[in-house]
Amino acid sequence: MIRISGYISNKKTLDFSTKIFDASYNYQRKYLIKGKKILKLILHSKNKIDFDQHIFEDQDKFIFSFDKKFINNLKNPKKYYKEKNLFFIDSSTAIYFDKRKKIFIKRSLFSANAVYYHKKNNNIFFSSEIKILLENSKTKFKLCKKILVNFLCRNYRLVFGRGYTFFNNIFEIKTAHYIDFNAKNINQKNYWLPSTRNNFKRNPIIEFKRSLNLKISESLRTFKKPIFLVSGGLDSTFIASFAKKILKQRIHTVSATFKNSKKFDESFYIKKLNHKIAKKSFYINMSSNFFVKWLKKKEKIYDQPLLSPVYLLMNYIFFFINKKKYDGVFGGGGGDILSMGTYEYQPYIFADYLKISKKEFNKQINSWNKNQKNLIGYWPTNKNGMLELIKKITGKKGRIFHNPDWTVGKFNILNKNFFSKKDLTYVPSIKYKFPKYIQSRVADEILAQAMPTHFIEELNICNYNITGSDPFLDKDLVEKCFNLRLKHLTANGYAKVLFRRASKGILPDVLRMRKERTGLSVPIDDWFVKGPLNVYFKKLLNNKANTKTLNIRFIKKVLKEHEQKENDYSWILWRLLSFMIWIKNFNGYLRNK
């Protein structure tokens with residue numbers, strides 16, 4: 001995997017360290033722009049590669065991209081893009097500049113490659129990882145308090161993808177956004193929103209299967225020895241089953257299982273699928289003891305608090321895959337977006353049913369309640385409860401307010417003397433407005449939630465000599481599914497209707513028609529009760545550096561209630577654990593006051 005770093009400066013010489021990446025082979029070059037500004041670009045790779053495959057130069061134009069296909073298209077005269085459209089190609093994160101005019105850095109729609117930037121004394125530093133920006137700044141940063149509050153007290157995912165990081169004055173380029181470094185003020189600008197005109201023409205089920213077949217086939221041609229991630233859900237199993245059908249032979253799969261957790265062990269469903277599609281299957285049974293050992297070994301690579309324990313599990317899976325000499329790994333990333341199938345989406349879908357017809361709403365909510373009431377605990381499934389929830393999330397003129405799970409926070413875990421009222425009350429809103437409520441919600445998911453957090457997998461995978469592929473993450477496919485009719489999203493008490501119908505005859509029915517869905521999760525709820533994770537949490541809690549930001553006495557009360565199984569506080573405890581690990585490793589880059 002390639003990493004980038006560099007700076008834009010008026011100085012001819014500028015100290016710039018790249019030792020954080022520890023690359024064995026670098027491409028470095030300085031460019032003089034307008035006779036004043038100097039751009040230094042450094043590309044890093046653990047393996048020696050041909051950087052001509054990632055760089056395009058033509059007279060006064062320079063383009064770098066993580067995507068070889070993008071560069072090859074630029075070099076092919078028949079596919080050469082007009083200059084006015086050059087920057088807005090969405091295939092990959094890229095750097096583009098015209099030596100006489102502007103310098104751009106853009107982030108693609110679905111690339112996991114993140115780019116961060118920091119401005120200091122008219123010098124602009126940028127990098128694939130925050131660590132290198134920290135290393136090259138001689139001053140310390142303030143903690144971004146409003147982001148910390150949202151991370152610890154509200155929805156664990158909503159803090160990423162909105163341009164902020166946990167460090168003030170270090171920013172992330174948002175998905176489908178770009179920045180112009182020549183501008184006086186560096187403002188991020190959006191260059192894409194899902195089109196409402198891109199639709200399946202006739203039969204969505206058939207056309208979806210045809211499009212997905214094409215995407216998987218294209219990806220398969222790039223690997224010599226691929227392996228497929230398989231869970232007990234619909235997304236990754238769908239991709240693996242399609243690949244087996246395309247290849248006309250059995251495939252290799254890898255899965256995580258938790259034998260000691262009835263709630264999270266998906267091995268029954270995984271084995272049902274592997275019996276049908278797999279030639280060779282690997283099962284990784286991660287224990288609490290091993291999880292904590294791996295966490296301590298890898299915790300320093302994450303320069304922001306780790307959102308979910310699943311990302312650490314994935315790091316080990318990638319390590320395992322690399323050790324087995326596979327060169328590519330297929331996953332189901334983006335499946336929830338295409339199918340609009342997560343439980344969090346359902347209130348918006350029912351709000352759209354209500355706009356169409358009360359009769360249709362009643363029909364769908366009654367069947368939903370019948371099938372799902374015993375499976376969903378955090379919002380209502382019955383008619384009256386859903387109507388109340390719809391009132392909370394929707395308003396006049398189609399405006400959507402905050403997600404219900406964003407507005408309520410567990411603020412008692414904080415040392416409130418450290419935070420201002422603005423820090424505690426800041427909640428990002430859903431600003432996108434589309435004809436359907438669910439479209440506005442999903443647009444926010446694409447641009448400011450699920451897709452931006454995908455960068456952690458890229459951070460994981462860059463440590464190993466493998467390449468990831470998520471065939472669901474395709475602009476055309478996303479837009480077509482974005483405009484699906486409601487009956488293809490939620491019907492007869494089931495979500496993910498499109499996937500269930502499209503996989504008929506491909507997936508075993510015992511998996512295809514599952515009501516409950518866990519997918520890839522880690523049983524931290526049990527692990528925080530007792531054992532190594534509990535012990536490590538208590539050890540970190542004793543670190544005096546935490547008293548500045550956290551209410552230690554109240555957190556001990558929360559932990560005790562969790563240990564006694566009075567309440568499930570596992571996700572709050574995980575966020576606290578992740579933050580305390582981060583403070584332990586990166587407190588040296590923060591101001592103490």
# chains A, B, ... in the order shown; residues from 1 in each chain; ligands from 1

$ select_by_dssp --residues "region 348-474 of chain A" --states "alpha helix (DSSP H)" --output "number ranges by chain"
A: 348-356, 358-372, 383-393, 404-407, 421-425, 437-448, 450-453, 455-461

$ select_by_dssp --residues "region 402-584 of chain A" --states "strand (DSSP E or B)" --output "count of residues only"
9

$ residues_around --residues "Asp58 (chain A)" --least-positions-apart "6" --cutoff "10 Å" --atoms "only C-alpha atoms" --output "list in words"
Leu74, Lys75 and Asp98 of chain A

$ write_last_selection --atoms "N, CA and C atoms" --output "tab-separated table (two decimals), in the first residue's frame"
chain	number	residue	atom	x	y	z
A	74	LEU	N	-5.63	8.31	-17.99
A	74	LEU	CA	-5.09	9.62	-18.33
A	74	LEU	C	-4.01	9.51	-19.41
A	75	LYS	N	-3.27	8.41	-19.38
A	75	LYS	CA	-2.18	8.22	-20.35
A	75	LYS	C	-2.69	7.73	-21.70
A	98	ASP	N	-1.76	22.26	-11.49
A	98	ASP	CA	-1.27	22.93	-12.68
A	98	ASP	C	-0.22	23.90	-12.18

$ residues_around --residues "Glu172 (chain A)" --least-positions-apart "4" --cutoff "7 Å" --atoms "only C-alpha atoms" --output "VMD selection string"
chain A and resid 115 to 117 163 to 165

$ closest_residue --among "A:Lys298, A:Lys496, A:Lys431, A:Lys325" --to "Glu516 (chain A)" --atoms "only C-alpha atoms"
A:Lys496

$ residues_around --residues "Lys189 (chain A)" --least-positions-apart "3" --cutoff "9 Å" --atoms "only C-alpha atoms" --output "MDAnalysis selection string"
chainID A and resid 174 176:180

$ write_last_selection --atoms "N, CA and C atoms" --output "PDB file, in the first residue's frame"
ATOM      1  N   LYS A 174     -12.943  15.383   3.690  1.00  0.00           N
ATOM      2  CA  LYS A 174     -14.160  14.581   3.757  1.00  0.00           C
ATOM      3  C   LYS A 174     -14.378  13.801   2.464  1.00  0.00           C
ATOM      4  N   ALA A 176     -15.745  12.640  -0.917  1.00  0.00           N
ATOM      5  CA  ALA A 176     -16.299  13.377  -2.057  1.00  0.00           C
ATOM      6  C   ALA A 176     -16.105  14.889  -1.917  1.00  0.00           C
ATOM      7  N   HIS A 177     -15.027  15.294  -1.271  1.00  0.00           N
ATOM      8  CA  HIS A 177     -14.690  16.707  -1.123  1.00  0.00           C
ATOM      9  C   HIS A 177     -13.273  16.957  -1.637  1.00  0.00           C
ATOM     10  N   TYR A 178     -12.976  18.222  -1.869  1.00  0.00           N
ATOM     11  CA  TYR A 178     -11.625  18.608  -2.271  1.00  0.00           C
ATOM     12  C   TYR A 178     -11.270  19.928  -1.606  1.00  0.00           C
ATOM     13  N   ILE A 179      -9.985  20.209  -1.561  1.00  0.00           N
ATOM     14  CA  ILE A 179      -9.516  21.492  -1.048  1.00  0.00           C
ATOM     15  C   ILE A 179      -8.570  22.114  -2.067  1.00  0.00           C
ATOM     16  N   ASP A 180      -8.634  23.432  -2.176  1.00  0.00           N
ATOM     17  CA  ASP A 180      -7.764  24.217  -3.047  1.00  0.00           C
ATOM     18  C   ASP A 180      -6.747  24.914  -2.155  1.00  0.00           C
TER      19      ASP A 180
END

$ atom_distance --atom1 "CA of Asn274 (chain A)" --atom2 "CA of Ile206 (chain A)"
25.0 Å

$ closest_atom_pairs --of "region 293-355 of chain A" --to "region 240-243 of chain A" --cutoff "9 Å" --atoms "only C-alpha atoms" --output "CSV"
residue,atom,partner,partner_atom,distance
A:Phe330,CA,A:Ala240,CA,7.7
A:Gly331,CA,A:Ala240,CA,8.2
A:Gly332,CA,A:Ala240,CA,8.8

$ residues_around --residues "region 386-395 of chain A" --least-positions-apart "3" --cutoff "12 Å" --atoms "only C-alpha atoms" --output "ChimeraX atom specification"
/A:344-355,358,361-362,364-366,368-369,373,378-383,398-407,429-430,433,436-438,440-441

$ closest_atom_pairs --of "region 357-464 of chain A" --to "region 557-574 of chain A" --cutoff "10 Å" --atoms "only C-alpha atoms" --output "tab-separated table"
residue	atom	partner	partner_atom	distance
A:Lys410	CA	A:Ile572	CA	8.3
A:Asn412	CA	A:Val558	CA	9.9
A:Ile413	CA	A:Val558	CA	8.6

$ atom_distance --atom1 "CA of Asn10 (chain A)" --atom2 "CA of Tyr31 (chain A)"
11.6 Å

$ atom_distance --atom1 "CA of Glu479 (chain A)" --atom2 "CA of Ile337 (chain A)"
10.4 Å
